[in-house]
>>> print(open('upload_12.txt').read())   # compact mmCIF, C-alpha atoms
# COMPACT_ATOMS: atom_id res chain seq x y z
CA MET Q 216 -38.50 16.41 -17.56
CA ASP Q 217 -39.65 19.75 -16.19
CA LEU Q 218 -39.26 18.77 -12.53
CA LEU Q 219 -35.64 17.73 -13.00
CA ARG Q 220 -34.92 20.94 -14.92
CA HIS Q 221 -36.49 22.99 -12.14
CA VAL Q 222 -34.51 21.11 -9.48
CA ARG Q 223 -31.27 21.59 -11.42
CA CYS Q 224 -31.99 25.33 -11.51
CA PHE Q 225 -32.70 25.33 -7.76
CA VAL Q 226 -29.36 23.65 -6.98
CA ALA Q 227 -27.46 26.04 -9.25
CA VAL Q 228 -28.97 29.15 -7.62
CA ALA Q 229 -28.42 27.71 -4.13
CA GLU Q 230 -24.75 27.00 -4.86
CA GLU Q 231 -24.07 30.30 -6.63
CA SER Q 232 -26.24 32.52 -4.36
CA HIS Q 233 -26.78 34.64 -7.45
CA PHE Q 234 -29.28 34.32 -10.33
CA GLY Q 235 -26.90 35.80 -12.90
CA ARG Q 236 -24.05 33.38 -12.10
CA ALA Q 237 -26.45 30.46 -11.93
CA ALA Q 238 -27.90 31.37 -15.33
CA ALA Q 239 -24.41 31.54 -16.84
CA ARG Q 240 -23.55 28.16 -15.28
CA LEU Q 241 -26.70 26.64 -16.79
CA ASN Q 242 -26.14 28.37 -20.14
CA MET Q 243 -29.55 30.06 -20.05
CA ALA Q 244 -30.96 33.56 -19.68
CA GLN Q 245 -31.82 34.88 -16.23
CA PRO Q 246 -35.60 35.52 -16.71
CA PRO Q 247 -36.39 31.88 -17.63
CA LEU Q 248 -34.29 30.76 -14.66
CA SER Q 249 -36.30 32.96 -12.28
CA GLN Q 250 -39.51 31.59 -13.77
CA ARG Q 251 -38.39 27.99 -13.21
CA ILE Q 252 -37.60 28.72 -9.56
CA GLN Q 253 -41.02 30.31 -9.12
CA ARG Q 254 -42.74 27.30 -10.70
CA LEU Q 255 -40.82 24.93 -8.41
CA GLU Q 256 -41.80 26.98 -5.38
CA ARG Q 257 -45.44 26.77 -6.42
CA GLU Q 258 -45.12 23.03 -7.04
CA LEU Q 259 -43.57 22.40 -3.61
CA GLY Q 260 -45.65 24.97 -1.75
CA VAL Q 261 -42.64 26.56 -0.03
CA ARG Q 262 -40.43 29.58 -0.66
CA LEU Q 263 -36.90 28.48 -1.54
CA PHE Q 264 -35.11 31.85 -1.64
CA ASP Q 265 -35.38 35.28 -0.10
CA ARG Q 266 -34.68 37.79 -2.86
CA SER Q 267 -33.56 41.40 -2.63
CA SER Q 268 -32.11 43.82 -5.14
CA ARG Q 269 -28.61 42.94 -3.92
CA GLN Q 270 -28.59 39.29 -2.92
CA VAL Q 271 -30.32 35.93 -2.96
CA THR Q 272 -30.47 33.97 0.30
CA ILE Q 273 -31.68 30.41 0.61
CA THR Q 274 -34.52 29.95 3.08
CA LYS Q 275 -34.59 27.40 5.88
CA ALA Q 276 -36.94 25.24 3.80
CA GLY Q 277 -34.65 25.55 0.80
CA ALA Q 278 -31.60 24.53 2.86
CA LEU Q 279 -33.45 21.48 4.17
CA LEU Q 280 -34.44 20.45 0.62
CA LEU Q 281 -31.02 21.05 -0.96
CA ASP Q 282 -29.43 17.69 -0.07
CA ASP Q 283 -32.48 15.82 -1.36
CA ALA Q 284 -32.36 17.88 -4.56
CA ARG Q 285 -28.69 17.00 -5.10
CA ALA Q 286 -29.40 13.32 -4.44
CA LEU Q 287 -32.29 13.39 -6.92
CA LEU Q 288 -30.05 14.86 -9.62
CA ALA Q 289 -27.31 12.31 -8.91
CA ARG Q 290 -29.77 9.45 -9.29
CA ALA Q 291 -31.20 10.97 -12.46
CA ASP Q 292 -27.70 11.30 -13.94
CA ALA Q 293 -26.90 7.69 -13.02
CA LEU Q 294 -30.16 6.56 -14.63
CA ALA Q 295 -29.31 8.45 -17.80
CA ALA Q 296 -25.81 6.94 -17.88
CA THR Q 297 -27.21 3.43 -17.50
CA ALA Q 298 -29.72 4.07 -20.29
CA ALA Q 299 -26.88 5.37 -22.49
CA ARG Q 300 -25.00 2.10 -21.98
CA PHE Q 301 -28.07 0.16 -23.10
CA ARG Q 302 -28.38 2.38 -26.18
CA ASP Q 303 -24.70 1.77 -26.97
CA GLY Q 304 -25.19 -1.98 -26.89
CA GLU Q 305 -23.33 -2.44 -23.61
CA SER Q 306 -26.26 -3.71 -21.56
CA GLY Q 307 -25.45 -6.43 -19.04
CA VAL Q 308 -21.66 -6.17 -19.33
CA LEU Q 309 -19.22 -4.15 -17.21
CA ARG Q 310 -15.75 -3.75 -18.72
CA ALA Q 311 -13.28 -3.36 -15.86
CA ALA Q 312 -9.52 -3.60 -15.39
CA LEU Q 313 -6.96 -4.08 -12.61
CA PRO Q 314 -3.19 -3.44 -12.76
CA PRO Q 315 -0.74 -6.38 -12.81
CA ASP Q 316 0.52 -5.80 -9.25
CA ILE Q 317 -2.85 -6.52 -7.60
CA SER Q 318 -2.66 -9.71 -5.54
CA SER Q 319 -4.60 -12.86 -6.38
CA ARG Q 320 -6.49 -12.56 -3.07
CA THR Q 321 -7.77 -9.11 -4.02
CA VAL Q 322 -8.79 -10.23 -7.51
CA ALA Q 323 -10.67 -13.22 -6.08
CA ALA Q 324 -12.42 -11.05 -3.48
CA ILE Q 325 -13.59 -8.61 -6.17
CA LEU Q 326 -14.91 -11.37 -8.41
CA ARG Q 327 -16.77 -13.13 -5.58
CA ALA Q 328 -18.38 -9.94 -4.28
CA PHE Q 329 -19.40 -8.75 -7.74
CA GLN Q 330 -21.05 -12.08 -8.54
CA GLU Q 331 -22.98 -11.93 -5.25
CA ARG Q 332 -24.09 -8.28 -5.47
CA GLN Q 333 -24.44 -7.78 -9.23
CA SER Q 334 -25.61 -11.20 -10.40
CA GLY Q 335 -27.48 -9.74 -13.36
CA VAL Q 336 -24.37 -8.11 -14.82
CA GLU Q 337 -21.50 -9.89 -16.57
CA LEU Q 338 -18.08 -8.67 -15.40
CA GLU Q 339 -15.45 -8.55 -18.14
CA LEU Q 340 -12.30 -8.16 -15.99
CA ARG Q 341 -8.87 -7.69 -17.57
CA GLU Q 342 -5.30 -7.09 -16.41
CA LEU Q 343 -4.09 -3.76 -17.83
CA THR Q 344 -1.35 -1.32 -16.87
CA THR Q 345 -2.26 2.23 -15.90
CA THR Q 346 -1.17 3.53 -19.32
CA GLU Q 347 -3.36 0.94 -21.08
CA GLN Q 348 -6.30 1.72 -18.83
CA LEU Q 349 -6.07 5.47 -19.43
CA ALA Q 350 -6.08 4.91 -23.20
CA GLU Q 351 -9.12 2.63 -23.05
CA LEU Q 352 -11.02 4.87 -20.64
CA ALA Q 353 -10.47 7.78 -23.05
CA ALA Q 354 -11.70 5.64 -25.96
CA HIS Q 355 -14.72 4.41 -23.91
CA THR Q 356 -13.69 0.79 -24.48
CA LEU Q 357 -13.26 0.41 -20.70
CA ASP Q 358 -15.94 1.36 -18.16
CA VAL Q 359 -13.86 1.47 -14.98
CA GLY Q 360 -10.32 0.67 -13.89
CA LEU Q 361 -8.01 0.68 -10.88
CA ILE Q 362 -5.16 3.06 -11.73
CA HIS Q 363 -1.86 4.03 -10.12
CA HIS Q 364 -1.18 7.65 -9.16
CA PRO Q 365 0.40 9.93 -10.19
CA CYS Q 366 -0.98 9.92 -13.73
CA ALA Q 367 -2.92 12.19 -16.08
CA ILE Q 368 -6.59 12.08 -15.03
CA ALA Q 369 -8.21 14.78 -17.18
CA GLY Q 370 -11.70 13.69 -18.22
CA LEU Q 371 -11.98 11.12 -15.43
CA GLU Q 372 -13.89 10.84 -12.18
CA LEU Q 373 -12.13 9.14 -9.27
CA GLY Q 374 -13.03 7.05 -6.29
CA GLN Q 375 -11.19 7.33 -2.99
CA VAL Q 376 -7.38 7.27 -3.23
CA LEU Q 377 -5.87 4.48 -1.13
CA ARG Q 378 -2.26 3.94 -0.06
CA ARG Q 379 -0.34 0.61 0.09
CA PRO Q 380 3.10 1.06 1.73
CA LEU Q 381 6.00 -0.68 -0.01
CA GLY Q 382 8.79 -2.64 1.62
CA VAL Q 383 11.87 -4.20 0.05
CA LEU Q 384 12.45 -7.79 -1.07
CA LEU Q 385 16.10 -8.70 -0.48
CA PRO Q 386 18.49 -11.63 -0.95
CA HIS Q 387 18.61 -13.47 2.39
CA ASP Q 388 22.33 -12.79 2.80
CA ALA Q 389 22.13 -9.05 2.05
CA PRO Q 390 23.54 -6.94 4.92
CA ALA Q 391 20.26 -5.00 5.08
CA ALA Q 392 18.37 -8.27 5.66
CA ALA Q 393 19.70 -8.25 9.23
CA LEU Q 394 17.84 -5.00 9.92
CA GLY Q 395 14.30 -4.89 11.26
CA VAL Q 396 13.56 -1.74 9.22
CA VAL Q 397 15.63 -0.82 6.17
CA PRO Q 398 16.60 2.77 5.23
CA LEU Q 399 16.65 3.31 1.48
CA ALA Q 400 20.30 4.37 1.71
CA ALA Q 401 21.17 0.86 2.96
CA LEU Q 402 20.29 -0.49 -0.52
CA THR Q 403 23.23 1.32 -2.15
CA GLY Q 404 25.10 -0.95 -4.54
CA TYR Q 405 22.06 -2.97 -5.62
CA ASP Q 406 20.14 -2.91 -8.89
CA LEU Q 407 16.42 -2.14 -8.63
CA ILE Q 408 13.73 -4.30 -10.23
CA LEU Q 409 10.92 -2.02 -11.41
CA PHE Q 410 7.99 -2.28 -13.79
CA PRO Q 411 8.69 -0.94 -17.31
CA ARG Q 412 8.39 2.84 -17.43
CA ALA Q 413 5.79 2.70 -20.23
CA HIS Q 414 3.34 1.01 -17.84
CA ALA Q 415 3.06 4.12 -15.61
CA PRO Q 416 5.66 6.79 -16.53
CA ALA Q 417 4.89 9.32 -13.80
CA LEU Q 418 4.86 6.68 -11.06
CA HIS Q 419 8.12 5.15 -12.37
CA ASP Q 420 9.86 8.53 -12.24
CA ASP Q 421 8.34 9.40 -8.87
CA LEU Q 422 9.68 6.21 -7.28
CA LEU Q 423 13.21 6.78 -8.59
CA THR Q 424 13.15 10.41 -7.47
CA THR Q 425 12.07 9.42 -3.95
CA CYS Q 426 14.83 6.79 -3.82
CA ALA Q 427 17.44 9.35 -4.84
CA ARG Q 428 16.23 11.86 -2.25
CA ASN Q 429 16.60 9.20 0.42
CA GLY Q 430 20.12 8.13 -0.54
CA PHE Q 431 19.52 5.21 -2.91
CA THR Q 432 20.47 5.49 -6.57
CA PRO Q 433 20.33 1.99 -8.12
CA GLN Q 434 23.34 0.64 -9.97
CA ALA Q 435 20.88 -0.21 -12.75
CA VAL Q 436 17.12 -0.53 -13.22
CA ARG Q 437 15.93 -3.94 -14.39
CA HIS Q 438 12.42 -4.22 -15.75
CA GLY Q 439 9.93 -6.83 -14.59
CA HIS Q 440 6.58 -7.09 -12.82
CA GLY Q 441 5.74 -10.80 -12.63
CA GLU Q 442 6.19 -12.21 -9.10
CA ARG Q 443 8.26 -15.24 -10.10
CA PHE Q 444 10.47 -13.32 -12.51
CA THR Q 445 11.06 -10.57 -9.93
CA ARG Q 446 11.91 -13.09 -7.21
CA GLY Q 447 14.31 -14.82 -9.58
CA LEU Q 448 16.15 -11.55 -10.19
CA VAL Q 449 16.36 -10.95 -6.43
CA LEU Q 450 17.77 -14.47 -5.99
CA SER Q 451 20.65 -13.48 -8.29
CA GLY Q 452 21.97 -11.59 -5.27
CA SER Q 453 22.54 -8.27 -7.01
CA ALA Q 454 19.02 -6.78 -7.13
CA VAL Q 455 16.17 -5.74 -4.84
CA ALA Q 456 12.48 -5.04 -5.46
CA PHE Q 457 9.80 -2.94 -3.77
CA THR Q 458 6.60 -4.82 -2.93
CA PRO Q 459 3.70 -4.45 -0.47
CA GLU Q 460 3.77 -6.61 2.65
CA ASP Q 461 0.44 -8.21 1.81
CA ASP Q 462 1.89 -9.60 -1.43
CA GLN Q 463 4.64 -11.29 0.54
CA ALA Q 464 2.31 -12.63 3.23
CA ALA Q 465 0.26 -14.25 0.47
CA GLN Q 466 3.31 -16.34 -0.44
CA GLY Q 467 3.42 -17.95 3.03
CA SER Q 468 6.02 -17.90 5.78
CA GLY Q 469 5.89 -14.13 6.00
CA GLY Q 470 6.40 -13.87 2.26
CA ALA Q 471 9.99 -15.13 2.24
CA ASP Q 472 11.29 -18.33 0.72
CA ALA Q 473 14.61 -19.78 1.95
CA ASP Q 474 16.63 -17.33 -0.10
CA THR Q 475 14.75 -14.01 0.14
CA VAL Q 476 13.42 -11.82 2.94
CA TRP Q 477 10.99 -8.89 3.02
CA ARG Q 478 11.59 -5.86 5.22
CA PRO Q 479 9.65 -2.61 5.76
CA LEU Q 480 11.32 0.64 4.70
CA ALA Q 481 12.28 3.20 7.33
CA GLY Q 482 9.76 6.05 7.36
CA ALA Q 483 7.52 4.29 4.78
CA PRO Q 484 8.68 6.66 1.98
CA LEU Q 485 7.31 4.55 -0.88
CA ALA Q 486 3.77 3.38 -1.59
CA TRP Q 487 1.39 2.37 -4.33
CA ARG Q 488 -1.49 4.84 -4.54
CA HIS Q 489 -4.63 3.54 -6.19
CA SER Q 490 -8.09 4.73 -7.04
CA LEU Q 491 -10.89 3.57 -9.27
CA ALA Q 492 -11.41 5.79 -12.31
CA TRP Q 493 -14.11 6.08 -14.95
CA PRO Q 494 -14.94 8.58 -17.73
CA SER Q 495 -16.64 11.75 -16.49
CA GLY Q 496 -20.41 11.51 -16.75
CA ARG Q 497 -20.39 7.72 -17.19
CA GLY Q 498 -20.43 6.66 -13.55
CA ASP Q 499 -23.66 4.70 -13.61
CA VAL Q 500 -25.00 2.45 -10.85
CA THR Q 501 -22.95 -0.58 -11.94
CA VAL Q 502 -19.71 1.39 -12.21
CA ARG Q 503 -20.18 2.82 -8.73
CA ALA Q 504 -21.06 -0.62 -7.38
CA PHE Q 505 -17.77 -1.95 -8.80
CA ASN Q 506 -15.95 0.97 -7.17
CA ASP Q 507 -17.46 0.09 -3.78
CA ILE Q 508 -16.69 -3.62 -4.21
CA ALA Q 509 -13.08 -3.00 -5.25
CA MET Q 510 -12.55 -0.58 -2.35
CA ASP Q 511 -13.91 -3.15 0.13
CA ALA Q 512 -11.63 -5.84 -1.34
CA LEU Q 513 -8.55 -3.62 -1.09
CA TRP Q 514 -9.36 -2.66 2.51
CA ASN Q 515 -9.86 -6.31 3.49
CA THR Q 516 -7.03 -8.01 1.57
CA ALA Q 517 -4.37 -5.48 0.64
CA GLY Q 518 -3.49 -3.61 3.83
CA VAL Q 519 -4.44 -0.20 2.41
CA SER Q 520 -5.19 3.04 4.21
CA ALA Q 521 -6.77 6.32 3.17
CA ASP Q 522 -4.17 8.49 1.48
CA LEU Q 523 -2.84 11.57 3.24
CA PRO Q 524 -3.04 15.14 1.81
CA GLN Q 525 0.57 15.54 0.66
CA ARG Q 526 0.42 16.47 -2.99
CA SER Q 527 -2.66 17.61 -4.88
CA LEU Q 528 -4.22 15.47 -7.57
CA HIS Q 529 -6.17 17.04 -10.40
CA LEU Q 530 -9.73 17.56 -9.26
CA ARG Q 531 -12.89 15.94 -10.47
CA PRO Q 532 -16.09 17.95 -10.26
CA ALA Q 533 -17.15 18.78 -6.70
CA ALA Q 534 -14.45 16.59 -5.13
CA GLU Q 535 -10.80 16.71 -4.19
CA TYR Q 536 -8.33 13.87 -3.89
CA TRP Q 537 -4.73 13.83 -2.79
CA LEU Q 538 -1.61 11.91 -3.66
>>> encode(input="upload_12.txt", output="structure tokens")
Amino acid sequence: MDLLRHVRCFVAVAEESHFGRAAARLNMAQPPLSQRIQRLERELGVRLFDRSSRQVTITKAGALLLDDARALLARADALAATAARFRDGESGVLRAALPPDISSRTVAAILRAFQERQSGVELELRELTTTEQLAELAAHTLDVGLIHHPCAIAGLELGQVLRRPLGVLLPHDAPAAALGVVPLAALTGYDLILFPRAHAPALHDDLLTTCARNGFTPQAVRHGHGERFTRGLVLSGSAVAFTPEDDQAAQGSGGADADTVWRPLAGAPLAWRHSLAWPSGRGDVTVRAFNDIAMDALWNTAGVSADLPQRSLHLRPAAEYWL
């Protein structure tokens, strides 16, 4: 479509402030680029750029039109991605995944909202670890997933990164259970129950490193991620587990049964960090709708907050996220 091509050229020149750089970015020669800008100016009836031998400056009219031009391109790209899914035989189905630690309340909220807002699309929702999701996103057998950070995100676009602080689940008679807020160092002598490293290697290592820096090196690391299995290991009296408060509240009575208690960690040093992820260039309307729905569900059911700029994530085009 000539109009879209002209608009794409306009945005490139506006962002580069240079015809040569814009032409290189668009992988085209400079004369045809200049001609496209001139045709667009004639079509719109306004001058978009002031040109001199040394520089290109966007006009007031061009600046006012730039946001609309970007929005038009974004919608065109989303339309193309949706059409590509129809061509690939994926019409009417969104393949999505959530990690095993997401609470039942959050899962239910996502399913209800998706059915209400996207009634014409079938949601194929699965429980997959971050490692499994990354493999399927790369293979294009998964459209969108909620992943844990840190992880390798090359080739992916991300939604907003959200933070869920972790507390500690303790045996009821543990000395630290008498504390209102538990320093990590107070857990010395206990084993730690943690998801298998293969599920999210970078996150697994990051948690253990943070524990060590704060004075807690577990006697041993026991692997498990199911709620009942984890609670059973805690009931043995020799192990503790890190879980979000909202998971415990969902169990009733503040999340504790007669033999376990949950306490926040001093300084909130540990957290799950989540974002939705999808393959670059494949974020169509349905994928972005699922992102919005999942974000709403996490905000309303999981006690999340926007993540703080502590350590840089890899960047997706034109956006920056932090871990």
>>> closest_residue(input="upload_12.txt", among="Q:Glu347, Q:Asp292, Q:Asp420, Q:Asp522", to="Gly498 in chain Q", atoms="all atoms listed in the file")
Q:Asp292
>>> residues_around(input="upload_12.txt", residues="Ser451 in chain Q", least_positions_apart="6", cutoff="12 Å", atoms="all atoms listed in the file", output="JSON list (two decimals) with C-alpha atoms, in the coordinates of the input")
[["chain", "number", "residue", "atom", "x", "y", "z"],
["Q", 385, "LEU", "CA", 16.10, -8.70, -0.48],
["Q", 386, "PRO", "CA", 18.49, -11.63, -0.95],
["Q", 387, "HIS", "CA", 18.61, -13.47, 2.39],
["Q", 388, "ASP", "CA", 22.33, -12.79, 2.80],
["Q", 389, "ALA", "CA", 22.13, -9.05, 2.05],
["Q", 405, "TYR", "CA", 22.06, -2.97, -5.62],
["Q", 406, "ASP", "CA", 20.14, -2.91, -8.89],
["Q", 408, "ILE", "CA", 13.73, -4.30, -10.23],
["Q", 444, "PHE", "CA", 10.47, -13.32, -12.51],
["Q", 445, "THR", "CA", 11.06, -10.57, -9.93],
["Q", 474, "ASP", "CA", 16.63, -17.33, -0.10],
["Q", 475, "THR", "CA", 14.75, -14.01, 0.14]]
>>> atom_distance(input="upload_12.txt", atom1="CA of Thr344 in chain Q", atom2="CA of Ile362 in chain Q")
7.8 Å
>>> residues_around(input="upload_12.txt", residues="range 366-372 of chain Q", least_positions_apart="4", cutoff="6 Å", atoms="all atoms listed in the file", output="MDAnalysis selection string")
chainID Q and resid 417 492:495 531
>>> atom_distance(input="upload_12.txt", atom1="CA of Arg443 in chain Q", atom2="CA of Ala415 in chain Q")
20.8 Å
>>> closest_residue(input="upload_12.txt", among="Q:Pro314, Q:Pro246, Q:Pro365, Q:Pro433", to="Arg488 in chain Q", atoms="only C-alpha atoms")
Q:Pro365
>>> residues_around(input="upload_12.txt", residues="Leu219 in chain Q", least_positions_apart="5", cutoff="12 Å", atoms="only C-alpha atoms", output="PyMOL selection string")
chain Q and resi 224-226+251-252+255+284-292
>>> write_last_selection(input="upload_12.txt", atoms="C-alpha atoms", output="PDB file, in the coordinates of the input")
ATOM      1  CA  CYS Q 224     -31.990  25.330 -11.510  1.00  0.00           C
ATOM      2  CA  PHE Q 225     -32.700  25.330  -7.760  1.00  0.00           C
ATOM      3  CA  VAL Q 226     -29.360  23.650  -6.980  1.00  0.00           C
ATOM      4  CA  ARG Q 251     -38.390  27.990 -13.210  1.00  0.00           C
ATOM      5  CA  ILE Q 252     -37.600  28.720  -9.560  1.00  0.00           C
ATOM      6  CA  LEU Q 255     -40.820  24.930  -8.410  1.00  0.00           C
ATOM      7  CA  ALA Q 284     -32.360  17.880  -4.560  1.00  0.00           C
ATOM      8  CA  ARG Q 285     -28.690  17.000  -5.100  1.00  0.00           C
ATOM      9  CA  ALA Q 286     -29.400  13.320  -4.440  1.00  0.00           C
ATOM     10  CA  LEU Q 287     -32.290  13.390  -6.920  1.00  0.00           C
ATOM     11  CA  LEU Q 288     -30.050  14.860  -9.620  1.00  0.00           C
ATOM     12  CA  ALA Q 289     -27.310  12.310  -8.910  1.00  0.00           C
ATOM     13  CA  ARG Q 290     -29.770   9.450  -9.290  1.00  0.00           C
ATOM     14  CA  ALA Q 291     -31.200  10.970 -12.460  1.00  0.00           C
ATOM     15  CA  ASP Q 292     -27.700  11.300 -13.940  1.00  0.00           C
TER      16      ASP Q 292
END
>>> atom_distance(input="upload_12.txt", atom1="CA of Glu339 in chain Q", atom2="CA of Phe505 in chain Q")
11.7 Å
>>> closest_residue(input="upload_12.txt", among="Q:Val500, Q:Val336, Q:Gln330, Q:Ser318", to="Ala517 in chain Q", atoms="all atoms listed in the file")
Q:Ser318
>>> decode(input="upload_12.txt", residues="range 240-253 of chain Q", atoms="N, CA and C atoms", output="mmCIF file, in the first residue's frame")
data_model
loop_
_atom_site.group_PDB
_atom_site.id
_atom_site.type_symbol
_atom_site.label_atom_id
_atom_site.label_comp_id
_atom_site.auth_asym_id
_atom_site.auth_seq_id
_atom_site.Cartn_x
_atom_site.Cartn_y
_atom_site.Cartn_z
ATOM 1 N N ARG Q 240 18.129 2.906 7.191
ATOM 2 C CA ARG Q 240 17.220 2.173 8.099
ATOM 3 C C ARG Q 240 16.146 1.435 7.323
ATOM 4 N N LEU Q 241 15.650 2.053 6.246
ATOM 5 C CA LEU Q 241 14.589 1.449 5.440
ATOM 6 C C LEU Q 241 15.117 0.557 4.326
ATOM 7 N N ASN Q 242 16.441 0.460 4.245
ATOM 8 C CA ASN Q 242 17.086 -0.368 3.216
ATOM 9 C C ASN Q 242 16.658 0.059 1.810
ATOM 10 N N MET Q 243 16.736 1.383 1.567
ATOM 11 C CA MET Q 243 16.393 1.916 0.252
ATOM 12 C C MET Q 243 17.337 3.077 -0.073
ATOM 13 N N ALA Q 244 17.356 3.479 -1.322
ATOM 14 C CA ALA Q 244 18.203 4.603 -1.728
ATOM 15 C C ALA Q 244 17.556 5.920 -1.285
ATOM 16 N N GLN Q 245 18.376 6.962 -1.184
ATOM 17 C CA GLN Q 245 17.871 8.235 -0.688
ATOM 18 C C GLN Q 245 16.933 8.949 -1.663
ATOM 19 N N PRO Q 246 17.222 8.975 -2.989
ATOM 20 C CA PRO Q 246 16.294 9.683 -3.903
ATOM 21 C C PRO Q 246 14.863 9.160 -3.848
ATOM 22 N N PRO Q 247 14.638 7.826 -3.897
ATOM 23 C CA PRO Q 247 13.244 7.358 -3.796
ATOM 24 C C PRO Q 247 12.593 7.739 -2.458
ATOM 25 N N LEU Q 248 13.390 7.782 -1.386
ATOM 26 C CA LEU Q 248 12.847 8.185 -0.097
ATOM 27 C C LEU Q 248 12.361 9.638 -0.151
ATOM 28 N N SER Q 249 13.187 10.515 -0.707
ATOM 29 C CA SER Q 249 12.795 11.924 -0.844
ATOM 30 C C SER Q 249 11.532 12.065 -1.680
ATOM 31 N N GLN Q 250 11.430 11.257 -2.735
ATOM 32 C CA GLN Q 250 10.243 11.320 -3.588
ATOM 33 C C GLN Q 250 8.990 10.875 -2.837
ATOM 34 N N ARG Q 251 9.116 9.854 -1.992
ATOM 35 C CA ARG Q 251 7.961 9.389 -1.217
ATOM 36 C C ARG Q 251 7.498 10.468 -0.233
ATOM 37 N N ILE Q 252 8.441 11.148 0.400
ATOM 38 C CA ILE Q 252 8.074 12.218 1.327
ATOM 39 C C ILE Q 252 7.352 13.337 0.580
ATOM 40 N N GLN Q 253 7.853 13.670 -0.605
ATOM 41 C CA GLN Q 253 7.212 14.730 -1.400
ATOM 42 C C GLN Q 253 5.791 14.328 -1.807
#
